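Source file run_11.txt; content: compact mmCIF, C-alpha atoms.
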```
# COMPACT_ATOMS: atom_id res chain seq x y z
CA MET A 7 58.02 38.94 12.50
CA THR A 8 56.86 42.34 11.26
CA TYR A 9 55.62 45.29 13.29
CA ASP A 10 52.38 44.18 14.95
CA VAL A 11 50.11 47.20 14.66
CA ALA A 12 47.09 45.18 15.84
CA ARG A 13 48.86 44.39 19.13
CA VAL A 14 49.79 48.06 19.61
CA ARG A 15 46.22 49.18 18.91
CA GLY A 16 44.96 46.77 21.55
CA LEU A 17 46.99 48.66 24.18
CA ILE A 18 45.22 51.99 23.51
CA PRO A 19 41.58 51.98 24.72
CA SER A 20 40.61 55.32 23.16
CA LEU A 21 40.90 53.78 19.68
CA GLY A 22 37.52 52.29 20.45
CA ASP A 23 35.83 55.64 19.79
CA GLY A 24 35.35 54.79 16.11
CA TRP A 25 37.49 57.66 14.81
CA ILE A 26 40.51 57.53 12.54
CA HIS A 27 43.18 59.53 14.33
CA LEU A 28 45.57 61.17 11.86
CA ASP A 29 46.26 64.14 14.13
CA PRO A 30 49.30 63.18 16.27
CA GLN A 31 50.47 66.82 16.13
CA ALA A 32 47.65 67.50 18.59
CA GLY A 33 48.96 64.71 20.83
CA MET A 34 49.08 60.97 20.23
CA LEU A 35 46.53 58.76 21.94
CA VAL A 36 47.44 57.66 25.46
CA PRO A 37 48.14 53.95 26.12
CA ASP A 38 46.23 52.30 28.93
CA SER A 39 49.44 51.60 30.85
CA VAL A 40 50.21 55.33 30.95
CA SER A 41 46.75 56.19 32.27
CA ARG A 42 47.08 53.55 34.98
CA ALA A 43 50.54 54.79 35.97
CA VAL A 44 49.20 58.33 36.38
CA SER A 45 46.24 57.11 38.43
CA THR A 46 48.49 55.06 40.68
CA GLY A 47 50.85 58.01 41.03
CA PHE A 48 48.07 60.27 42.25
CA ARG A 49 47.05 57.70 44.85
CA THR A 50 50.49 56.87 46.20
CA SER A 51 52.75 59.93 45.85
CA SER A 52 53.02 63.23 47.67
CA PHE A 53 53.20 66.80 46.31
CA SER A 54 56.84 66.94 47.38
CA HIS A 55 59.77 64.55 47.28
CA ILE A 56 61.29 66.17 50.38
CA GLY A 57 60.66 64.58 53.76
CA ARG A 58 60.68 61.22 55.50
CA HIS A 59 57.08 60.27 54.81
CA GLY A 60 56.59 57.22 52.61
CA ALA A 61 54.65 59.15 50.00
CA ALA A 62 57.46 61.71 49.72
CA THR A 63 59.98 58.90 49.27
CA ARG A 64 57.84 57.47 46.48
CA SER A 65 57.68 60.91 44.86
CA GLY A 66 61.47 61.08 44.92
CA ALA A 67 61.70 57.66 43.29
CA ILE A 68 59.22 58.73 40.60
CA LEU A 69 61.28 61.85 39.87
CA ASP A 70 64.51 59.87 39.57
CA ALA A 71 62.86 57.28 37.35
CA ALA A 72 61.48 59.99 35.05
CA ARG A 73 64.91 61.59 34.63
CA SER A 74 66.42 58.18 33.80
CA ALA A 75 63.69 57.36 31.27
CA VAL A 76 64.04 60.68 29.44
CA ALA A 77 67.82 60.26 29.41
CA ASP A 78 67.41 56.83 27.82
CA LEU A 79 65.09 58.29 25.18
CA VAL A 80 67.83 60.61 23.87
CA GLY A 81 70.98 58.78 24.96
CA GLY A 82 71.76 61.40 27.59
CA ASP A 83 72.68 61.67 31.27
CA PRO A 84 69.86 61.70 33.88
CA ALA A 85 71.70 64.52 35.68
CA GLY A 86 71.10 66.71 32.64
CA VAL A 87 67.32 66.17 32.46
CA VAL A 88 65.14 69.18 33.36
CA LEU A 89 61.43 68.41 33.81
CA GLY A 90 58.46 70.75 33.71
CA PRO A 91 54.83 71.23 32.71
CA ASP A 92 55.53 71.82 29.02
CA ARG A 93 58.50 72.14 26.69
CA ALA A 94 57.38 75.66 25.69
CA VAL A 95 57.52 76.75 29.34
CA LEU A 96 60.95 75.18 29.80
CA LEU A 97 62.30 76.78 26.62
CA ALA A 98 61.04 80.15 27.85
CA TRP A 99 62.90 79.70 31.15
CA LEU A 100 66.00 78.57 29.28
CA ALA A 101 65.89 81.69 27.11
CA GLU A 102 65.63 83.86 30.22
CA SER A 103 68.58 82.07 31.79
CA LEU A 104 70.73 82.51 28.67
CA SER A 105 69.67 86.12 28.07
CA SER A 106 72.91 87.54 29.46
CA ARG A 107 74.76 85.79 26.62
CA LEU A 108 72.47 87.21 23.93
CA GLY A 109 72.94 90.95 24.16
CA LEU A 110 73.83 93.69 21.70
CA GLY A 111 76.47 92.60 19.20
CA THR A 112 75.62 88.89 19.37
CA GLY A 113 73.64 86.78 16.94
CA ILE A 114 70.83 84.23 17.10
CA VAL A 115 69.91 81.90 14.23
CA LEU A 116 66.29 80.71 14.05
CA SER A 117 64.52 78.44 11.58
CA ARG A 118 61.34 78.83 9.52
CA LEU A 119 60.70 75.12 10.08
CA ASP A 120 60.48 75.46 13.84
CA ASP A 121 57.41 75.35 16.00
CA GLU A 122 56.75 78.65 17.76
CA ALA A 123 57.86 77.19 21.10
CA ASN A 124 61.48 77.27 19.86
CA VAL A 125 61.13 80.66 18.18
CA ALA A 126 59.11 83.06 20.35
CA PRO A 127 61.31 82.89 23.51
CA TRP A 128 64.46 83.69 21.52
CA LEU A 129 62.78 86.54 19.63
CA ARG A 130 61.68 88.09 22.92
CA ILE A 131 65.23 87.97 24.27
CA ALA A 132 66.63 89.38 21.02
CA ASN A 133 64.14 92.25 21.03
CA ARG A 134 64.83 93.00 24.67
CA TYR A 135 68.63 92.94 24.56
CA GLY A 136 69.44 93.76 20.94
CA ALA A 137 70.77 90.44 19.62
CA HIS A 138 70.70 90.21 15.82
CA VAL A 139 68.37 87.49 14.45
CA ARG A 140 69.02 85.63 11.21
CA TRP A 141 66.70 83.05 9.66
CA ALA A 142 67.44 79.66 8.12
CA GLU A 143 65.07 79.32 5.17
CA VAL A 144 63.59 76.37 3.26
CA GLU A 145 63.38 75.60 -0.43
CA ILE A 146 59.86 76.42 -1.59
CA GLU A 147 59.33 73.29 -3.71
CA THR A 148 60.61 70.66 -1.28
CA CYS A 149 60.55 72.44 2.11
CA GLU A 150 64.05 71.09 2.68
CA MET A 151 66.45 73.28 4.61
CA PRO A 152 69.76 73.47 2.71
CA SER A 153 72.61 72.89 5.14
CA TRP A 154 75.05 75.04 3.13
CA GLN A 155 73.37 78.17 4.46
CA PHE A 156 74.55 77.49 8.02
CA GLU A 157 78.07 78.45 6.99
CA GLU A 158 76.78 81.90 6.03
CA LEU A 159 74.23 82.35 8.80
CA ILE A 160 76.41 81.29 11.73
CA GLY A 161 79.10 83.95 11.93
CA PRO A 162 81.70 84.81 14.59
CA THR A 163 79.13 86.66 16.73
CA ALA A 164 76.57 83.85 16.77
CA ARG A 165 75.84 82.64 20.28
CA LEU A 166 72.85 80.42 19.73
CA VAL A 167 71.08 78.36 17.06
CA ALA A 168 67.53 77.11 17.69
CA LEU A 169 66.61 74.36 15.24
CA THR A 170 63.97 71.66 14.98
CA ALA A 171 64.97 68.03 14.57
CA ALA A 172 61.92 67.59 12.30
CA SER A 173 59.01 69.81 11.29
CA PRO A 174 55.66 68.71 12.75
CA ILE A 175 53.95 70.44 9.80
CA VAL A 176 55.73 69.31 6.62
CA GLY A 177 57.96 66.58 8.06
CA SER A 178 61.30 67.97 6.86
CA ALA A 179 64.29 66.96 9.01
CA PRO A 180 67.17 69.47 8.70
CA ALA A 181 70.84 68.65 9.23
CA VAL A 182 71.07 69.54 12.93
CA ARG A 183 74.60 68.16 13.23
CA VAL A 184 75.91 70.48 10.52
CA ALA A 185 74.47 73.53 12.31
CA ALA A 186 75.72 72.31 15.69
CA ASP A 187 79.27 71.76 14.48
CA ARG A 188 79.33 75.21 12.91
CA VAL A 189 78.00 77.09 15.95
CA HIS A 190 80.38 75.23 18.25
CA ASP A 191 83.27 76.40 16.05
CA VAL A 192 82.39 79.98 17.02
CA GLY A 193 81.71 79.23 20.69
CA GLY A 194 77.90 79.13 20.54
CA LEU A 195 75.15 76.73 21.59
CA LEU A 196 72.51 74.74 19.71
CA VAL A 197 69.04 74.03 21.09
CA ALA A 198 67.28 71.25 19.16
CA ASP A 199 63.52 70.84 19.43
CA ALA A 200 62.58 67.16 19.11
CA PHE A 201 58.83 67.75 19.44
CA GLY A 202 58.24 66.62 15.85
CA ALA A 203 60.90 63.91 15.76
CA ALA A 204 59.76 61.74 18.68
CA PRO A 205 58.81 58.92 18.37
CA TYR A 206 59.57 58.69 14.66
CA ALA A 207 63.34 58.66 15.07
CA LEU A 208 65.78 57.37 17.65
CA ILE A 209 67.15 60.60 19.09
CA ASP A 210 70.82 60.63 20.01
CA ILE A 211 71.96 63.84 21.68
CA ASP A 212 75.62 63.07 20.98
CA GLU A 213 74.98 62.29 17.33
CA LEU A 214 73.06 65.55 16.94
CA ASN A 215 75.87 67.31 18.85
CA ALA A 216 73.11 69.48 20.34
CA ASP A 217 73.73 71.24 23.65
CA VAL A 218 70.07 70.99 24.63
CA VAL A 219 67.27 68.79 23.30
CA ALA A 220 63.65 69.78 24.03
CA LEU A 221 60.97 67.10 24.33
CA SER A 222 57.19 67.01 24.75
CA ALA A 223 55.68 63.79 26.11
CA PRO A 224 52.25 64.22 24.43
CA SER A 225 53.99 63.86 21.06
CA TRP A 226 54.48 60.13 21.79
CA GLY A 227 51.37 59.47 23.88
CA GLY A 228 52.66 60.63 27.24
CA PRO A 229 51.09 63.04 29.76
CA GLN A 230 51.40 66.83 29.64
CA VAL A 231 55.06 66.99 30.63
CA GLY A 232 58.03 68.62 28.92
CA ALA A 233 61.75 68.06 29.25
CA LEU A 234 65.06 69.67 28.37
CA VAL A 235 68.09 67.39 28.17
CA PHE A 236 71.54 68.98 28.51
CA ARG A 237 74.39 67.09 26.85
CA ASP A 238 76.75 68.43 29.52
CA PRO A 239 74.93 68.38 32.89
CA ALA A 240 77.64 70.59 34.41
CA PHE A 241 76.51 73.42 32.14
CA LEU A 242 73.39 73.78 34.30
CA ASP A 243 75.50 75.08 37.17
CA ARG A 244 77.19 77.64 34.92
CA ILE A 245 74.04 79.50 33.88
CA PRO A 246 71.80 81.74 36.01
CA SER A 247 69.26 79.82 38.05
CA MET A 248 65.53 80.33 37.46
CA SER A 249 64.51 78.28 40.48
CA LEU A 250 62.67 79.70 43.48
CA ASN A 251 65.12 77.71 45.60
CA PRO A 252 68.27 79.81 46.10
CA TYR A 253 70.25 76.63 46.80
CA ALA A 254 69.11 74.69 43.73
CA LYS A 255 71.74 72.66 41.91
CA GLY A 256 71.88 71.02 38.50
CA ALA A 257 68.58 70.40 36.74
CA GLU A 258 66.59 71.97 39.57
CA ARG A 259 67.99 75.38 38.57
CA LEU A 260 65.57 75.48 35.62
CA GLU A 261 62.65 73.77 37.36
CA VAL A 262 60.38 76.57 38.53
CA GLY A 263 57.71 75.42 40.96
CA GLY A 264 56.86 71.87 41.98
CA HIS A 265 56.44 68.68 39.98
CA GLN A 266 53.30 66.73 39.15
CA TYR A 267 54.67 63.40 40.31
CA ALA A 268 51.72 61.39 39.02
CA LEU A 269 52.31 62.78 35.54
CA LEU A 270 56.00 61.98 35.85
CA ALA A 271 55.04 58.38 36.60
CA GLY A 272 53.06 58.42 33.37
CA LEU A 273 56.04 59.94 31.54
CA THR A 274 58.25 57.00 32.54
CA GLU A 275 55.58 54.51 31.53
CA SER A 276 55.09 56.22 28.14
CA ILE A 277 58.79 55.80 27.33
CA ASP A 278 58.62 52.16 28.45
CA PHE A 279 55.64 51.80 26.11
CA LEU A 280 57.76 53.11 23.21
CA ALA A 281 60.49 50.66 24.16
CA GLY A 282 57.95 47.83 23.92
CA LEU A 283 56.42 48.70 20.55
CA ASP A 284 58.29 45.70 19.16
CA GLU A 285 57.59 42.77 21.48
CA ARG A 286 60.86 41.15 20.36
CA ALA A 287 62.91 44.00 21.89
CA ARG A 288 65.33 42.94 24.61
CA GLY A 289 68.17 44.44 26.63
CA THR A 290 68.43 47.82 28.33
CA ARG A 291 65.66 50.37 27.83
CA ARG A 292 67.86 52.27 25.38
CA GLU A 293 68.48 49.07 23.41
CA ARG A 294 64.77 48.24 23.42
CA LEU A 295 63.98 51.77 22.25
CA GLU A 296 66.42 51.39 19.38
CA MET A 297 64.87 48.13 18.23
CA SER A 298 61.26 49.24 18.67
CA ILE A 299 61.66 52.60 16.95
CA THR A 300 63.59 50.98 14.09
CA SER A 301 60.74 48.51 13.68
CA LEU A 302 58.22 51.36 13.75
CA GLN A 303 60.24 53.27 11.14
CA ASP A 304 60.20 50.28 8.79
CA TYR A 305 56.44 50.03 9.19
CA HIS A 306 55.94 53.76 8.71
CA ASP A 307 58.16 53.88 5.60
CA GLN A 308 55.81 51.50 3.80
CA LEU A 309 52.68 53.13 5.19
CA PHE A 310 53.85 56.64 4.28
CA ASP A 311 54.60 55.55 0.71
CA HIS A 312 51.04 54.28 0.53
CA LEU A 313 49.73 57.54 2.01
CA MET A 314 51.53 59.59 -0.65
CA GLN A 315 50.15 57.35 -3.39
CA VAL A 316 46.64 57.85 -2.02
CA LEU A 317 47.03 61.64 -1.84
CA GLU A 318 48.40 61.83 -5.38
CA LYS A 319 45.18 60.28 -6.70
CA VAL A 320 42.98 63.00 -5.17
CA GLU A 321 42.06 65.72 -7.63
CA ASN A 322 42.82 69.34 -6.70
CA LEU A 323 45.05 68.24 -3.79
CA THR A 324 48.55 69.67 -3.47
CA VAL A 325 51.10 68.26 -1.06
CA ILE A 326 53.31 70.90 0.55
CA GLY A 327 56.97 69.94 0.39
CA ARG A 328 58.65 66.66 -0.47
CA ALA A 329 61.81 66.57 1.59
CA SER A 330 64.04 63.55 1.08
CA THR A 331 64.84 63.32 4.81
CA ARG A 332 61.66 63.50 6.82
CA ILE A 333 59.24 62.09 9.37
CA PRO A 334 55.85 60.64 8.29
CA THR A 335 53.96 63.92 8.54
CA VAL A 336 52.53 65.86 5.61
CA SER A 337 50.43 68.96 4.95
CA PHE A 338 48.25 69.61 1.92
CA THR A 339 45.83 72.07 0.39
CA MET A 340 42.76 71.54 -1.78
CA ALA A 341 42.01 74.02 -4.53
CA GLY A 342 38.99 76.19 -3.79
CA MET A 343 38.53 74.95 -0.23
CA GLN A 344 39.60 76.47 3.06
CA ALA A 345 41.60 74.12 5.26
CA GLU A 346 39.05 74.45 8.05
CA LYS A 347 36.31 73.27 5.69
CA VAL A 348 38.37 70.30 4.52
CA ALA A 349 39.06 69.31 8.14
CA ALA A 350 35.39 69.71 9.01
CA LYS A 351 34.34 67.47 6.11
CA LEU A 352 36.84 64.85 7.18
CA ALA A 353 35.56 65.09 10.74
CA ASP A 354 32.07 64.37 9.40
CA ASN A 355 33.61 61.08 8.26
CA ARG A 356 35.11 60.58 11.73
CA ILE A 357 38.65 61.31 10.54
CA GLY A 358 40.68 63.58 12.82
CA THR A 359 43.22 65.95 11.25
CA VAL A 360 44.83 69.27 12.15
CA SER A 361 43.85 72.43 10.31
CA GLY A 362 45.71 75.54 11.26
CA VAL A 363 48.45 75.54 13.87
CA HIS A 364 48.04 76.89 17.39
CA GLY A 365 49.80 80.24 17.39
CA GLY A 366 50.12 80.22 13.60
CA SER A 367 52.91 78.89 11.42
CA ARG A 368 55.77 81.03 10.19
CA LEU A 369 56.54 78.33 7.63
CA LEU A 370 53.07 78.37 6.08
CA ASP A 371 53.14 82.17 6.20
CA ALA A 372 56.48 82.24 4.36
CA LEU A 373 55.19 79.81 1.73
CA GLY A 374 52.05 81.89 1.20
CA VAL A 375 49.83 78.95 2.14
CA ASN A 376 47.96 80.78 4.89
CA ASP A 377 47.06 83.53 2.42
CA GLU A 378 45.24 80.91 0.34
CA GLY A 379 43.19 79.32 3.10
CA GLY A 380 45.74 77.36 5.10
CA ALA A 381 46.71 73.71 5.09
CA VAL A 382 45.52 70.44 6.58
CA THR A 383 48.19 68.46 8.42
CA ILE A 384 48.09 64.71 8.93
CA GLY A 385 50.60 62.31 10.40
CA LEU A 386 51.10 58.65 11.09
CA ALA A 387 51.16 57.20 14.58
CA PRO A 388 52.25 53.84 16.00
CA TYR A 389 48.62 52.72 15.70
CA THR A 390 47.83 53.94 12.14
CA THR A 391 46.78 51.27 9.63
CA ARG A 392 46.66 50.94 5.85
CA TYR A 393 42.87 50.63 6.05
CA GLU A 394 42.66 54.04 7.73
CA ILE A 395 44.77 55.62 4.98
CA ASP A 396 42.42 54.13 2.38
CA GLN A 397 39.43 55.57 4.23
CA LEU A 398 41.12 58.98 4.19
CA GLY A 399 41.56 58.71 0.44
CA ARG A 400 37.91 57.88 -0.10
CA ALA A 401 36.78 60.76 2.09
CA LEU A 402 39.05 63.27 0.29
CA SER A 403 37.93 62.05 -3.14
CA SER A 404 34.29 62.64 -2.16
CA LEU A 405 34.81 66.30 -1.25
CA GLU A 406 33.19 68.83 -3.55
```
Could you render the structure as structure tokens?
Amino acid sequence: MTYDVARVRGLIPSLGDGWIHLDPQAGMLVPDSVSRAVSTGFRTSSFSHIGRHGAATRSGAILDAARSAVADLVGGDPAGVVLGPDRAVLLAWLAESLSSRLGLGTGIVLSRLDDEANVAPWLRIANRYGAHVRWAEVEIETCEMPSWQFEELIGPTARLVALTAASPIVGSAPAVRVAADRVHDVGGLLVADAFGAAPYALIDIDELNADVVALSAPSWGGPQVGALVFRDPAFLDRIPSMSLNPYAKGAERLEVGGHQYALLAGLTESIDFLAGLDERARGTRRERLEMSITSLQDYHDQLFDHLMQVLEKVENLTVIGRASTRIPTVSFTMAGMQAEKVAAKLADNRIGTVSGVHGGSRLLDALGVNDEGGAVTIGLAPYTTRYEIDQLGRALSSLE
């Protein structure tokens, strides 16, 4: 039995709007089960998990379940799961907590591939305390990030490397493990941003050898919730607390303010949805995730090959980057047309894409793409079909 995209589409009511959704970078569509879990959570939980009231007890159970689900998603420990309103917010708090380690005479390595959420907080700390910043660059033709450069970039003074697991703009997936091994050799930390990688790859925090993995639930159809997963939960008690609770322990030390328990209920359900993408999947949630995501990858490999064939047939279209290791996301330009105009024309055909990146893109700036009108970014989702790719090709070929 192959991946059943029709079954998956039937679980997502918003696909009935008549649009072709090729814009997962803006958030994948939300399954009906996730919406129902959030609604039920609002009706049955409290605004606190502390107390003897039944609703507070249910809130506590929701919080524990969310930590366990996120841990299963990355192969981590629930005790190391920090939850918050957004991964960008959590990364900002993490940077503040680690700021005492990143002072004058130390080094930070950042990546041109990374989303601004895993760049801006570290730059602010470097500018404030004098840490030296070095940049991991990409090859212009392929947008691949050569791993040999980590040996040069990560010197004895390096204390932190911030690196994406996969670019949500051009799809390139750098060698996170190589960078992690190198920075650990000099006593530093690696923070991996998996915003672009989930749900396209089975994330394994031990395999990445990352100290922290950042996640954003909207990237796989979950609610507006972010998470940081620490490979060593005990590390949370060795860094300064950001919590308003002076007695906070473990993950709570980086959780500023309260939780939205209804959204956390939706977070758990969204990960269960991923685990059930392949209806043949059995076993623990982690085992079901492995089987379902592997099945999705096989489906996407064929669909992405077809997408690239379709794009290659469009006159005046240039694909940005062709990394050999990647996720099914691609950006392109069209000669003589601004990206916003291309996206608007596609929208007239009820095809959703992303033009421009919120907060800008250092990668597209470095490649000179933004100087020439920007790029349109499209990506596959668990519900994307071959027919929709063909419709995209027809719409692009009709542009003047």
- Message: Need to verify the contact set: segment 225-227 of chain A, 10 Å, all atoms listed in the file, exclusion of same-chain residues closer than 6 positions in sequence. Can you return it as a list in words?
- Response: Ile18, Pro30, Gln31, Ala32, Gly33, Met34, Leu35, Val36, Pro37, Val40, Pro174, Ala200, Phe201, Gly202, Ala203, Ala204, Pro205, Tyr206, Gly272, Leu273, Ser276, Ile277, Phe279, Leu280, Ala387 and Pro388 of chain A
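Relative to atom CA of Val139 of chain A, atom CA of Trp99 of chain A is found at 19.2 Å.
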- Message: Here is a test: counting all atoms listed in the file, which residue of A:Ala207, A:Tyr393, A:Gly24, A:Gly82 is nearest to Glu296 of chain A?
- Response: A:Ala207
- Task: Extract, using all atoms listed in the file, all DNA, RNA and protein residues at most 6 Å from segment 316-324 of chain A, discarding same-chain residues fewer than 4 positions from it, and format them as JSON, numbers by chain.
- Result: {"A": [338, 339, 340, 341, 399, 403]}
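From atom CA of Leu234 of chain A back to atom CA of Ser249 of chain A, the distance works out to 14.9 Å.
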- Message: Using all atoms listed in the file, can you tell me which of A:Ile384, A:Leu250, A:Leu370, A:Leu208 comes closest to His27 of chain A?
- Response: A:Ile384
- Task: Kindly provide, as a PyMOL selection string, the polymer residues lying within 8 Å of (57.7, 39.7, 14.3), counting all atoms listed in the file and using the coordinates exactly as they appear in the file.
- Result: chain A and resi 7-10+284-286
- Tell me which of A:Ile211, A:Leu313, A:Leu119, A:Ala137 sits closest to Val76 of chain A, counting all atoms listed in the file.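 The answer is A:Ile211, which sits nearest to Val76 of chain A.
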- Quick one: residues within 9 Å of Leu110 of chain A, all atoms listed in the file counted, chain neighbours fewer than 5 positions away excluded, as a list in words? Ala132, Tyr135, Gly136, Ala137 and His138 of chain A
- One decimal, Å: what's the distance from atom CA of Glu275 of chain A over to atom CA of Thr383 of chain A, could you say?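 Rounded to one decimal, the two atoms are 28.0 Å apart.
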Compile a residue-level contact table for segment 54-165 of chain A against segment 260-263 of chain A at a cut-off of 12 Å, reporting for every qualifying residue the shortest atom pair and its distance in Å to one decimal, with all atoms listed in the file counted, rows ordered by chain and ascending number, as a tab-separated table.
```
residue	atom	partner	partner_atom	distance
A:Ser54	CA	A:Gly263	CA	10.7
A:Gly86	CA	A:Leu260	CA	10.8
A:Val87	CA	A:Leu260	CA	10.0
A:Val88	CA	A:Glu261	CA	6.6
A:Leu89	CA	A:Glu261	CA	6.5
A:Gly90	CA	A:Glu261	CA	6.3
A:Pro91	CA	A:Glu261	CA	9.4
A:Asp92	CA	A:Glu261	CA	11.1
A:Arg93	CA	A:Glu261	CA	11.6
A:Val95	CA	A:Val262	CA	9.6
A:Leu96	CA	A:Leu260	CA	7.4
A:Leu97	CA	A:Leu260	CA	9.7
A:Ala98	CA	A:Leu260	CA	10.1
A:Trp99	CA	A:Leu260	CA	6.7
A:Leu100	CA	A:Leu260	CA	7.1
A:Ala101	CA	A:Leu260	CA	10.5
A:Glu102	CA	A:Leu260	CA	10.0
A:Ser103	CA	A:Leu260	CA	8.2
A:Leu104	CA	A:Leu260	CA	11.2
```
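Distance check against Leu221 of chain A using all atoms listed in the file: of A:Ala172, A:Leu386, A:Ala349, A:Val235, the minimum falls on A:Val235.
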- Pick the closest to Pro239 of chain A from A:Gly113, A:Gly256, A:Pro162, A:Gly379: which is it, counting all atoms listed in the file?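 With all atoms listed in the file as the atom set, the closest residue is A:Gly256.
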- Distance criterion (all atoms listed in the file): nearest to Glu394 of chain A out of A:Ala43, A:Leu28, A:Ser20, A:Gly193: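 Counting all atoms listed in the file, the residue closest to Glu394 of chain A is A:Leu28.
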- Give me the residues within 9 Å of Leu195 of chain A as JSON, numbers by chain, counting only C-alpha atoms and dropping any in the same chain fewer than 5 places off. {"A": [164, 165, 166, 167, 168, 186, 189, 190, 216, 217, 218]}
- Item | Non-local contacts of Ser117 of chain A (8 Å; all atoms listed in the file; under 3 positions in same chain excluded) as an NGL selection string | :A and (120 or 125 or 141-143 or 168-170)
Print the selection's residues with C-alpha atoms to a file, as a compact mmCIF listing (two decimals), keeping the file's coordinate frame.
```txt
# COMPACT_ATOMS: atom_id res chain seq x y z
CA ASP A 120 60.48 75.46 13.84
CA VAL A 125 61.13 80.66 18.18
CA TRP A 141 66.70 83.05 9.66
CA ALA A 142 67.44 79.66 8.12
CA GLU A 143 65.07 79.32 5.17
CA ALA A 168 67.53 77.11 17.69
CA LEU A 169 66.61 74.36 15.24
CA THR A 170 63.97 71.66 14.98
```
